[in-house]
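Asker: Structure supplied as my_file-v8.txt; contents: compact mmCIF, C-alpha atoms.
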# COMPACT_ATOMS: atom_id res chain seq x y z
CA MET A 20 60.93 90.51 92.49
CA GLN A 21 60.83 94.26 92.93
CA GLU A 22 61.35 95.38 96.52
CA LEU A 23 58.58 97.64 97.82
CA MET A 24 59.81 101.05 98.94
CA ALA A 25 58.31 102.69 102.01
CA VAL A 26 59.63 106.07 100.93
CA GLN A 27 61.27 107.22 97.72
CA MET A 28 62.66 110.70 97.24
CA ASN A 29 63.57 111.92 93.83
CA ASP A 30 65.60 115.14 93.51
CA VAL A 31 63.78 116.74 96.42
CA VAL A 32 64.84 120.36 96.91
CA LYS A 33 63.83 123.06 99.35
CA GLN A 34 65.33 126.53 99.26
CA GLY A 35 65.44 127.32 102.96
CA ARG A 36 65.80 130.84 104.32
CA ASN A 37 69.44 130.24 105.18
CA LYS A 38 70.22 126.72 104.08
CA PRO A 39 69.07 125.01 100.90
CA ILE A 40 68.25 121.31 101.26
CA GLY A 41 68.81 118.79 98.52
CA PRO A 42 68.71 117.51 95.97
CA LEU A 43 67.74 114.52 98.10
CA ASN A 44 67.59 111.10 96.50
CA LEU A 45 66.71 108.21 98.72
CA ASP A 46 65.00 104.83 98.51
CA ILE A 47 63.93 103.29 101.82
CA PRO A 48 62.83 99.67 101.45
CA VAL A 49 59.92 98.27 103.47
CA GLY A 50 60.80 96.20 106.52
CA TYR A 51 64.11 97.77 107.44
CA VAL A 52 65.47 100.11 110.06
CA VAL A 53 67.27 103.06 108.52
CA ALA A 54 69.38 105.36 110.68
CA LEU A 55 69.81 108.96 109.53
CA VAL A 56 73.11 110.30 110.78
CA GLY A 57 74.92 113.56 110.22
CA PRO A 58 76.11 116.70 111.98
CA ASN A 59 73.64 119.06 113.67
CA GLY A 60 71.74 121.11 111.15
CA SER A 61 72.56 118.81 108.25
CA GLY A 62 68.88 118.33 107.34
CA LYS A 63 67.81 115.13 109.10
CA SER A 64 64.70 116.59 110.73
CA THR A 65 63.75 118.37 107.52
CA LEU A 66 63.92 115.07 105.67
CA LEU A 67 61.49 113.53 108.18
CA GLN A 68 59.16 116.49 107.75
CA PHE A 69 59.12 115.95 104.00
CA ILE A 70 58.01 112.37 104.63
CA LEU A 71 55.22 113.61 106.90
CA GLN A 72 54.35 116.39 104.46
CA THR A 73 54.43 118.94 107.26
CA LEU A 74 56.95 120.58 104.96
CA HIS A 75 56.60 120.63 101.19
CA PRO A 76 59.59 120.55 98.88
CA ASP A 77 59.94 123.20 96.15
CA GLU A 78 61.06 120.62 93.63
CA GLY A 79 61.25 116.88 93.20
CA SER A 80 58.88 114.09 94.07
CA ILE A 81 58.19 111.76 96.97
CA ARG A 82 56.45 108.40 96.90
CA TRP A 83 54.94 106.54 99.85
CA PHE A 84 54.65 102.77 99.47
CA GLY A 85 55.00 103.21 95.74
CA GLN A 86 52.38 105.96 95.34
CA SER A 87 52.74 109.69 94.86
CA TYR A 88 50.10 112.15 96.00
CA LYS A 89 49.29 115.68 94.97
CA ASN A 90 49.15 118.35 97.69
CA THR A 91 48.35 116.43 100.87
CA LEU A 92 48.96 112.93 102.10
CA PRO A 93 45.69 110.93 102.16
CA LEU A 94 44.44 110.21 105.66
CA GLU A 95 44.74 106.44 105.29
CA ILE A 96 48.46 106.79 104.52
CA ARG A 97 49.08 109.37 107.23
CA GLN A 98 47.36 107.07 109.73
CA GLN A 99 49.96 104.39 109.07
CA ILE A 100 52.80 106.75 109.88
CA SER A 101 53.81 107.42 113.45
CA TYR A 102 56.22 110.18 114.43
CA VAL A 103 58.20 111.16 117.49
CA ALA A 104 59.22 114.76 116.92
CA GLU A 105 62.29 116.49 118.27
CA GLY A 106 60.14 118.53 120.62
CA PRO A 107 56.79 117.81 122.29
CA LEU A 108 53.49 118.41 120.55
CA LEU A 109 52.22 121.77 121.83
CA GLU A 110 48.50 121.17 121.33
CA GLU A 111 48.68 118.30 123.82
CA SER A 112 50.49 120.18 126.57
CA HIS A 113 47.42 121.00 128.66
CA MET A 114 46.18 117.41 128.45
CA THR A 115 46.70 114.47 130.77
CA VAL A 116 48.25 111.25 129.44
CA GLN A 117 44.79 109.72 129.23
CA GLU A 118 43.28 112.66 127.35
CA ALA A 119 46.16 112.77 124.89
CA ALA A 120 45.72 109.03 124.32
CA TYR A 121 42.04 109.59 123.55
CA PHE A 122 42.98 112.42 121.18
CA ARG A 123 45.45 110.24 119.33
CA GLY A 124 43.12 107.26 119.29
CA HIS A 125 40.67 109.48 117.47
CA TRP A 126 43.18 110.14 114.67
CA TYR A 127 44.67 106.70 114.44
CA PRO A 128 42.18 103.88 113.82
CA ALA A 129 44.81 101.25 114.64
CA TRP A 130 45.37 102.80 118.08
CA ASP A 131 45.96 99.95 120.54
CA GLN A 132 44.87 101.09 124.01
CA GLN A 133 46.00 97.87 125.65
CA ARG A 134 49.46 98.20 124.17
CA PHE A 135 49.55 101.86 125.22
CA GLU A 136 48.72 100.97 128.82
CA GLU A 137 51.34 98.24 128.74
CA LEU A 138 53.90 100.81 127.58
CA LEU A 139 52.81 103.29 130.28
CA ALA A 140 53.50 100.61 132.87
CA ILE A 141 56.88 99.78 131.33
CA PHE A 142 57.88 103.45 131.38
CA SER A 143 56.26 104.03 134.84
CA LEU A 144 53.95 106.80 133.61
CA GLN A 145 50.68 107.72 135.35
CA SER A 146 47.65 108.09 133.09
CA GLN A 147 46.38 111.06 135.16
CA ALA A 148 49.66 113.00 134.85
CA LYS A 149 49.51 116.29 132.97
CA LEU A 150 51.88 116.44 130.04
CA ASN A 151 53.13 119.97 130.74
CA LYS A 152 53.93 119.01 134.35
CA MET A 153 56.22 116.21 133.24
CA SER A 154 60.00 116.26 133.10
CA LYS A 155 61.56 116.29 129.64
CA GLY A 156 62.40 112.61 129.90
CA GLU A 157 58.91 111.62 131.06
CA ARG A 158 57.33 113.58 128.22
CA ARG A 159 59.64 111.76 125.84
CA LYS A 160 58.53 108.42 127.23
CA PHE A 161 54.91 109.41 126.64
CA GLU A 162 55.71 110.41 123.04
CA ILE A 163 57.41 107.08 122.39
CA ALA A 164 54.63 105.06 124.02
CA ALA A 165 52.00 106.94 122.02
CA ALA A 166 53.93 106.51 118.77
CA LEU A 167 54.25 102.76 119.27
CA ALA A 168 50.62 102.29 120.36
CA VAL A 169 49.56 103.42 116.90
CA ARG A 170 50.88 100.10 115.50
CA PRO A 171 52.51 102.03 112.65
CA ARG A 172 53.60 100.67 109.33
CA LEU A 173 56.18 103.45 109.13
CA LEU A 174 57.74 104.79 112.32
CA LEU A 175 59.68 108.06 112.21
CA LEU A 176 61.85 108.86 115.22
CA ASP A 177 63.69 112.15 115.54
CA GLU A 178 66.42 111.68 118.16
CA PRO A 179 64.03 109.67 120.32
CA SER A 180 66.42 109.09 123.21
CA SER A 181 67.23 112.71 124.03
CA GLY A 182 66.50 113.29 127.70
CA LEU A 183 65.96 109.61 128.53
CA ASP A 184 67.76 107.98 131.45
CA PRO A 185 69.75 104.82 130.62
CA PHE A 186 67.04 102.52 132.00
CA ALA A 187 64.31 104.14 129.96
CA TRP A 188 66.64 104.06 126.96
CA THR A 189 67.08 100.28 127.23
CA GLN A 190 63.31 99.88 127.55
CA MET A 191 62.75 102.09 124.54
CA MET A 192 65.18 100.01 122.47
CA ASP A 193 63.40 96.80 123.52
CA GLU A 194 60.01 98.25 122.64
CA ILE A 195 61.14 99.47 119.23
CA ARG A 196 62.37 95.94 118.59
CA THR A 197 59.05 94.53 119.67
CA CYS A 198 57.38 96.90 117.21
CA LEU A 199 59.65 95.53 114.46
CA GLU A 200 58.34 92.01 114.98
CA GLY A 201 55.18 93.22 113.29
CA GLU A 202 54.71 92.49 109.62
CA ASP A 203 56.99 94.66 107.46
CA VAL A 204 57.38 97.63 109.79
CA THR A 205 59.78 100.29 108.51
CA VAL A 206 61.63 102.58 110.90
CA ILE A 207 63.51 105.76 110.07
CA ILE A 208 65.45 107.05 113.04
CA SER A 209 67.52 110.20 113.20
CA THR A 210 70.20 109.74 115.84
CA HIS A 211 73.60 110.74 117.16
CA ILE A 212 73.82 107.74 119.47
CA VAL A 213 76.25 105.15 118.14
CA ASP A 214 74.69 102.41 120.25
CA GLU A 215 71.31 103.07 118.68
CA ILE A 216 72.77 102.67 115.21
CA LYS A 217 74.65 99.53 116.22
CA ARG A 218 71.70 97.87 117.88
CA LEU A 219 68.88 98.87 115.58
CA ALA A 220 69.92 99.89 112.12
CA ASP A 221 70.02 97.76 109.01
CA TYR A 222 71.05 100.68 106.82
CA VAL A 223 72.83 103.93 107.59
CA VAL A 224 72.12 107.10 105.60
CA LEU A 225 74.62 109.90 105.96
CA ILE A 226 73.19 113.40 105.61
CA HIS A 227 75.70 116.17 105.24
CA GLU A 228 75.09 119.81 104.38
CA GLY A 229 71.59 119.15 103.13
CA LYS A 230 72.54 116.23 100.91
CA VAL A 231 72.33 112.47 101.13
CA LYS A 232 75.92 111.23 100.97
CA GLY A 233 74.80 107.64 100.58
CA MET A 234 73.03 104.71 102.08
CA VAL A 235 74.99 101.66 103.18
CA GLU A 236 74.43 98.40 105.00
CA LYS A 237 75.43 98.97 108.58
CA ASP A 238 77.38 95.73 108.96
CA ALA A 239 79.29 96.25 105.73
CA MET A 240 80.14 99.73 106.98
CA LEU A 241 81.33 98.38 110.33
CA SER A 242 83.83 96.11 108.67
CA GLN A 243 84.88 98.49 105.94
CA TRP A 244 88.16 99.67 107.41
CA VAL A 245 90.94 98.22 109.56
CA GLU A 246 93.59 100.14 111.39
CA VAL A 247 96.97 98.46 111.16
CA TRP A 248 100.20 98.92 113.07
CA ALA A 249 103.08 97.57 111.01
CA ARG A 250 106.83 97.67 110.61
CA GLY A 251 108.49 97.69 107.21
CA GLN A 252 108.74 99.64 103.99
CA VAL A 253 105.31 101.14 103.60
CA GLN A 254 106.51 103.16 100.60
CA LEU A 255 107.29 99.92 98.74
CA MET A 256 103.74 98.62 98.78
CA SER A 257 102.40 97.71 95.36
CA PRO A 258 100.05 100.35 93.93
CA ASP A 259 96.86 98.28 94.15
CA VAL A 260 97.33 97.76 97.88
CA ARG A 261 98.63 101.30 98.40
CA SER A 262 95.49 102.76 96.82
CA ASP A 263 93.41 101.19 99.60
CA VAL A 264 95.51 102.80 102.33
CA ILE A 265 94.78 106.17 103.94
CA GLU A 266 96.11 108.27 106.79
CA ILE A 267 99.59 106.82 107.13
CA GLN A 268 101.53 107.94 110.21
CA GLU A 269 104.95 106.93 111.42
CA ASP A 270 106.49 107.13 114.88
CA GLU A 271 110.19 107.58 115.86
CA SER A 272 110.81 103.83 116.04
CA GLY A 273 109.70 103.29 112.44
CA MET A 274 106.32 101.87 113.35
CA HIS A 275 103.61 102.78 110.87
CA ARG A 276 99.99 103.20 111.65
CA PHE A 277 97.49 103.41 108.84
CA ILE A 278 93.93 102.66 107.85
CA VAL A 279 93.25 100.25 105.01
CA GLN A 280 90.14 98.95 103.23
CA ASN A 281 89.17 95.65 104.77
CA THR A 282 89.31 93.56 101.60
CA PRO A 283 89.43 89.75 101.95
CA ASN A 284 92.68 88.54 103.52
CA ILE A 285 94.03 92.05 103.81
CA LEU A 286 96.43 91.14 106.63
CA ALA A 287 97.92 88.29 104.61
CA LYS A 288 98.27 90.65 101.64
CA LEU A 289 100.14 93.17 103.77
CA ALA A 290 102.44 90.38 104.96
CA GLU A 291 103.12 89.47 101.32
CA GLU A 292 104.06 93.11 100.77
CA GLY A 293 106.81 92.56 103.32
CA LEU A 294 105.12 94.34 106.19
CA GLU A 295 105.24 92.94 109.69
CA VAL A 296 101.76 93.54 111.07
CA VAL A 297 101.98 94.04 114.81
CA ARG A 298 98.40 94.83 115.57
CA SER A 299 95.12 95.41 113.77
CA ARG A 300 91.60 96.35 114.72
CA ALA A 301 88.34 97.13 112.96
CA LEU A 302 87.41 100.82 113.06
CA GLU A 303 84.60 101.89 115.35
CA LEU A 304 81.36 103.09 113.81
CA GLU A 305 81.98 106.74 114.73
CA GLU A 306 85.44 106.61 113.14
CA THR A 307 84.02 105.15 109.94
CA LEU A 308 81.33 107.85 109.89
CA GLY A 309 84.01 110.50 110.40
CA LEU A 310 85.97 109.17 107.40
CA TRP A 311 82.79 109.08 105.37
CA ILE A 312 82.10 112.76 106.04
CA LYS A 313 85.68 113.45 104.94
CA GLU A 314 84.86 111.89 101.54
CA GLN A 315 86.41 108.50 102.34
CA GLY A 316 83.00 107.10 101.63
CA PRO A 317 82.06 103.48 101.54
CA GLU A 318 81.80 102.18 98.02
CA LEU A 319 79.01 99.92 99.12
CA THR A 320 76.14 102.20 98.24
CA HIS A 321 72.81 100.46 98.25
CA MET B 12 65.86 79.37 121.12
CA TRP B 13 69.17 81.03 121.85
CA VAL B 14 72.00 80.56 119.43
CA PRO B 15 75.37 80.72 121.20
CA ILE B 16 77.24 82.90 118.74
CA GLN B 17 79.96 85.21 119.97
CA ILE B 18 80.87 88.23 117.88
CA ASN B 19 84.28 89.84 118.04
CA GLU B 20 83.72 93.47 117.14
CA ASN B 21 87.42 94.17 116.94
CA SER B 22 88.12 91.49 114.41
CA ALA B 23 88.82 92.43 110.82
CA GLU B 24 86.72 89.41 109.83
CA PRO B 25 83.38 90.62 108.44
CA LEU B 26 80.37 90.07 110.68
CA TYR B 27 78.49 87.82 108.29
CA HIS B 28 81.54 85.58 108.03
CA GLN B 29 81.95 85.34 111.80
CA ILE B 30 78.28 84.44 112.22
CA GLU B 31 78.21 82.03 109.30
CA THR B 32 81.31 80.16 110.46
CA GLN B 33 80.01 79.78 113.99
CA LEU B 34 76.52 78.75 112.98
CA ARG B 35 77.93 76.19 110.53
CA THR B 36 80.11 74.77 113.30
CA LEU B 37 77.15 74.55 115.68
CA ILE B 38 75.19 72.62 113.06
CA VAL B 39 77.86 70.19 111.85
CA SER B 40 78.93 69.45 115.42
CA GLU B 41 75.27 68.70 116.17
CA GLN B 42 75.18 71.22 119.02
CA ILE B 43 72.04 72.38 117.28
CA SER B 44 70.24 69.24 116.28
CA GLU B 45 68.41 68.64 113.05
CA ASN B 46 64.87 69.98 112.63
CA THR B 47 65.50 72.70 115.22
CA LEU B 48 63.60 75.87 114.38
CA LEU B 49 66.07 78.77 114.31
CA PRO B 50 65.12 82.29 115.46
CA SER B 51 63.54 84.54 112.85
CA ILE B 52 65.91 86.75 110.89
CA ARG B 53 64.79 89.83 112.85
CA GLU B 54 65.20 88.05 116.22
CA LEU B 55 68.69 86.76 115.54
CA ALA B 56 69.75 90.14 114.16
CA ALA B 57 68.49 91.84 117.33
CA SER B 58 70.25 89.41 119.64
CA LEU B 59 73.56 89.79 117.78
CA ASN B 60 73.22 93.54 117.16
CA CYS B 61 73.63 93.13 113.46
CA SER B 62 71.41 93.89 110.52
CA VAL B 63 68.73 91.65 109.07
CA ILE B 64 70.64 91.84 105.81
CA THR B 65 73.58 90.01 107.37
CA ILE B 66 71.43 87.28 108.94
CA ARG B 67 69.44 86.79 105.74
CA ARG B 68 72.72 86.31 103.87
CA VAL B 69 73.95 83.77 106.45
CA TYR B 70 70.70 81.80 106.31
CA GLN B 71 70.74 81.88 102.50
CA ASP B 72 74.36 80.73 102.32
CA LEU B 73 73.80 77.85 104.75
CA GLU B 74 70.61 76.91 102.95
CA GLY B 75 72.63 76.81 99.75
CA GLU B 76 75.05 74.45 101.46
CA GLY B 77 72.15 72.22 102.47
CA LEU B 78 72.54 72.83 106.20
CA LEU B 79 69.33 74.79 106.61
CA ARG B 80 65.95 74.72 104.99
CA THR B 81 63.22 77.33 104.98
CA ARG B 82 59.58 76.47 105.14
CA GLN B 83 57.43 79.31 103.84
CA GLY B 84 55.51 80.92 106.64
CA THR B 85 57.03 78.76 109.38
CA GLY B 86 60.69 79.65 109.50
CA THR B 87 64.18 78.31 109.07
CA PHE B 88 65.09 74.83 110.28
CA VAL B 89 68.29 72.84 110.60
CA ALA B 90 68.29 70.36 107.74
CA THR B 91 68.99 66.67 107.93
CA VAL B 92 72.63 66.15 107.04
CA ASP B 93 73.82 62.62 106.35
CA GLN B 94 76.96 61.28 108.00
CA VAL B 95 79.19 61.43 104.92
CA GLU B 96 78.32 65.07 104.35
CA ARG B 97 78.67 65.85 108.02
CA ASN B 98 82.20 64.43 107.95
CA GLU B 99 83.03 66.59 104.95
CA TYR B 100 81.79 69.69 106.75
CA ARG B 101 83.68 68.79 109.89
CA ARG B 102 86.82 68.41 107.88
CA ALA B 103 86.26 71.76 106.16
CA VAL B 104 85.73 73.52 109.50
CA VAL B 105 88.92 72.04 110.96
CA GLN B 106 90.89 72.78 107.81
CA GLU B 107 89.83 76.41 107.86
CA ALA B 108 90.92 76.77 111.49
CA MET B 109 94.27 75.14 110.73
CA GLU B 110 94.84 77.42 107.78
CA ALA B 111 94.18 80.39 110.02
CA ALA B 112 96.73 79.10 112.55
CA VAL B 113 99.31 78.55 109.81
CA ASN B 114 98.68 82.08 108.53
CA VAL B 115 99.48 83.44 111.97
CA GLY B 116 102.72 81.44 111.87
CA LEU B 117 103.56 82.82 108.43
CA SER B 118 102.89 86.39 109.54
CA VAL B 119 105.54 86.07 112.27
CA GLN B 120 107.96 84.21 109.97
CA TYR B 121 107.64 80.98 111.89
CA GLY B 122 109.51 78.20 110.05
CA LYS B 123 107.86 75.08 108.64
CA GLU B 124 109.82 72.79 110.92
CA ASP B 125 109.10 74.81 114.06
CA MET B 126 105.49 74.86 113.04
CA THR B 127 105.37 71.08 112.61
CA SER B 128 106.95 70.37 115.97
CA LEU B 129 104.72 72.89 117.68
CA PHE B 130 101.71 71.30 116.03
CA LEU B 131 102.74 67.86 117.30
CA GLU B 132 103.30 69.27 120.76
CA VAL B 133 99.86 70.88 120.90
CA LEU B 134 98.36 67.69 119.52
CA LYS B 135 99.94 65.69 122.29
CA GLN B 136 98.80 68.13 124.96
CA LYS B 137 95.23 68.09 123.77
CA TYR B 138 94.73 64.43 122.87
CA GLU B 139 96.78 62.85 125.66
CA PRO B 140 96.23 64.99 128.71
CA GLU B 141 97.84 63.76 131.96
CA ALA B 142 99.83 61.25 129.93
Translate this file's structure into structure tokens.
Answerer:
Amino acid sequence: MQELMAVQMNDVVKQGRNKPIGPLNLDIPVGYVVALVGPNGSGKSTLLQFILQTLHPDEGSIRWFGQSYKNTLPLEIRQQISYVAEGPLLEESHMTVQEAAYFRGHWYPAWDQQRFEELLAIFSLQSQAKLNKMSKGERRKFEIAAALAVRPRLLLLDEPSSGLDPFAWTQMMDEIRTCLEGEDVTVIISTHIVDEIKRLADYVVLIHEGKVKGMVEKDAMLSQWVEVWARGQVQLMSPDVRSDVIEIQEDESGMHRFIVQNTPNILAKLAEEGLEVVRSRALELEETLGLWIKEQGPELTH
Amino acid sequence: MWVPIQINENSAEPLYHQIETQLRTLIVSEQISENTLLPSIRELAASLNCSVITIRRVYQDLEGEGLLRTRQGTGTFVATVDQVERNEYRRAVVQEAMEAAVNVGLSVQYGKEDMTSLFLEVLKQKYEPEA
């Protein structure tokens, strides 16, 4: 059975004024949460704009739910996509929460007013409040509530938690999860927050310098590397084990510390190599991402 | 329902293996009784902070072992396991744990004889408390 793709990018290129983007190649399957990670300015927001067609690539092709479209995205597809942008929507600034809800309800036929009001209550927002009088965090809460009330099939979130207090953040995470209980909802979230990746993502896509470095299963990525402290003759390791080892350091007492691919029974294998393993731990997500950027990429590409 | 699975994030043991081992133990020890409806893949993934891919793999593996069954449109249930099979699973679970303990012994060069006497000592402590 062929898996349906929510978004497919094929050699998408955009020659920016200062930074070229692409070629981007990416297949995002329906029903999963995909986290876009990468340094500032690496092209995450641009990628989301390609999906929304608010930005058109110079080259390459994009497909939505298996279809490609010339020029503009048809309304019925656009209406299934919900988006929380990096910054607030300017044309809504003079509106109250209620007016903006009416405005959005007009564009999105699946707009769920009851769900929206539920979300307003959860985030403690007043429907009479003016959007441009709100704090950054409150405005963010409105954007998230409005994006979820659309009952989207594809939800695009560009650093949704920026400006949120920890309580609102927890609520946001819960509400995104509630949204996922819907039939085959796909979420693409650009984020720097490790906890967001850990709690939400099924796949992680690393974007670096305008290119997709790969897409991996989050859990496979989390258990890809182990850091090991060991005594013994590290130089005498057999080549097939040695080739899985990176970043060896040694202290004055002869203790070695290194990172090794977490292959099955790796600790037993190291013991067979004559090493006395004193301590080991799985690498944290941010450490694994750091290695990935430095070309120590997971070989578990989707 | 809540599934009492505890994940050790620091462990080198892959997540799916940790979850699979614990869920198997819960089923063969009848802590989750037969015909229980398990959480949906998305729900269990959310409660364990892991991906749906991992949970799907665990459910598929345990279904392959005959411990779970999936009814289209309803969900995943704990299968009926007969006593002979249950005993086999119990034995496999215990054997795996023992092998892990022996591996720890090997990694610190603990001798076979020391290991045996330690094993007997622990056995006595656990099975004959207050004796």
Asker: Quick check, in Å to one decimal: how far apart do CA of Gln133 (chain A) and CA of Gln117 (chain A) lie?
Answerer: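 Distance reported for this atom pair: 12.4 Å.
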Asker: What lies within 8 Å of Ile38 (chain B) using all atoms listed in the file, ignoring chain neighbours under 6 positions off, as a PyMOL selection string?
Answerer: chain B and resi 44-45+78+89
Asker: Taking all atoms listed in the file into account, produce a table as a tab-separated table in which each residue of chain B with an atom at most 10 Å from an atom of chain A appears once, together with its shortest atom pair and the distance in Å to one decimal, ordered by chain and rising number.
Answerer:
residue	atom	partner	partner_atom	distance
B:Asn19	CA	A:Ala301	CA	9.8
B:Glu20	CA	A:Ala301	CA	7.2
B:Asn21	CA	A:Ala301	CA	5.0
B:Ser22	CA	A:Ala301	CA	5.8
B:Ala23	CA	A:Ala301	CA	5.2
B:Glu24	CA	A:Ser242	CA	7.4
B:Pro25	CA	A:Ser242	CA	5.5
B:Leu26	CA	A:Asp238	CA	6.6
B:Tyr27	CA	A:Asp238	CA	8.0
B:Ser51	CA	A:Glu200	CA	9.3
B:Arg53	CA	A:Glu200	CA	7.1
B:Glu54	CA	A:Glu200	CA	8.0
B:Ala56	CA	A:Arg218	CA	8.8
B:Ala57	CA	A:Arg218	CA	6.9
B:Ser58	CA	A:Arg218	CA	8.8
B:Leu59	CA	A:Arg218	CA	8.3
B:Asn60	CA	A:Arg218	CA	4.6
B:Cys61	CA	A:Asp238	CA	6.4
B:Ser62	CA	A:Asp221	CA	4.4
B:Val63	CA	A:Asp221	CA	6.2
B:Ile64	CA	A:Asp221	CA	6.8
B:Thr65	CA	A:Asp238	CA	7.0
B:Asn114	CA	A:Ala287	CA	7.4
B:Val115	CA	A:Ala287	CA	9.0
B:Leu117	CA	A:Ala290	CA	8.4
B:Ser118	CA	A:Ala290	CA	6.1
B:Val119	CA	A:Glu295	CA	7.3
B:Gln120	CA	A:Glu295	CA	9.1
Asker: Hey, can you check how far CA of Pro76 (chain A) sits from CA of Val32 (chain A)?
Answerer: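 Atom-to-atom, CA of Pro76 (chain A) to CA of Val32 (chain A), that is 5.6 Å.
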Asker: Using only C-alpha atoms for the distances, tell me which of A:Met24, A:Leu67, A:Ile141, A:Asn29 is nearest to Gly85 (chain A).
Answerer: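 Among the listed residues, the smallest separation from Gly85 (chain A) belongs to A:Met24.
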Asker: Please provide the set of residues having any atom within 9 Å of Asn151 (chain A), restricted to only C-alpha atoms, with same-chain residues fewer than 2 positions apart removed, written as a list in words.
Answerer: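 The residues satisfying every condition are Glu111, Ser112, His113, Met114, Thr115, Ala148, Lys149, Met153, Ser154 and Arg158 of chain A.
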Asker: One decimal, Å: what's the distance from CA of Phe135 (chain A) over to CA of Lys63 (chain A), could you say?
Answerer: 27.7 Å
Asker: Please determine, counting all atoms listed in the file, which residue among A:Glu228, A:Glu194, A:Glu110, A:Glu22 has the shortest atom-to-atom distance to Pro42 (chain A).
Answerer: A:Glu228
Asker: Could you name the residues that touch region 94-111 of chain B at 9 Å or less, counting all atoms listed in the file, but leaving out those on the same chain fewer than 4 positions away, as a compact mmCIF listing (two decimals) with C-alpha atoms, keeping the file's coordinate frame?
Answerer:
# COMPACT_ATOMS: atom_id res chain seq x y z
CA THR B 32 81.31 80.16 110.46
CA ARG B 35 77.93 76.19 110.53
CA THR B 36 80.11 74.77 113.30
CA VAL B 39 77.86 70.19 111.85
CA SER B 40 78.93 69.45 115.42
CA VAL B 115 99.48 83.44 111.97
CA GLY B 116 102.72 81.44 111.87
Asker: With distances taken over all atoms listed in the file, which residue among B:Glu31, B:Asp125, B:Glu141, B:Glu132 lies nearest Asp72 (chain B)?
Answerer: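 Going through B:Glu31, B:Asp125, B:Glu141, B:Glu132 one by one, the smallest distance to Asp72 (chain B) is for B:Glu31.
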Asker: From the list A:Ile163, A:Met274, A:Ile226, A:Met234, which residue is nearest Asp46 (chain A) when using only C-alpha atoms?
Answerer: A:Met234
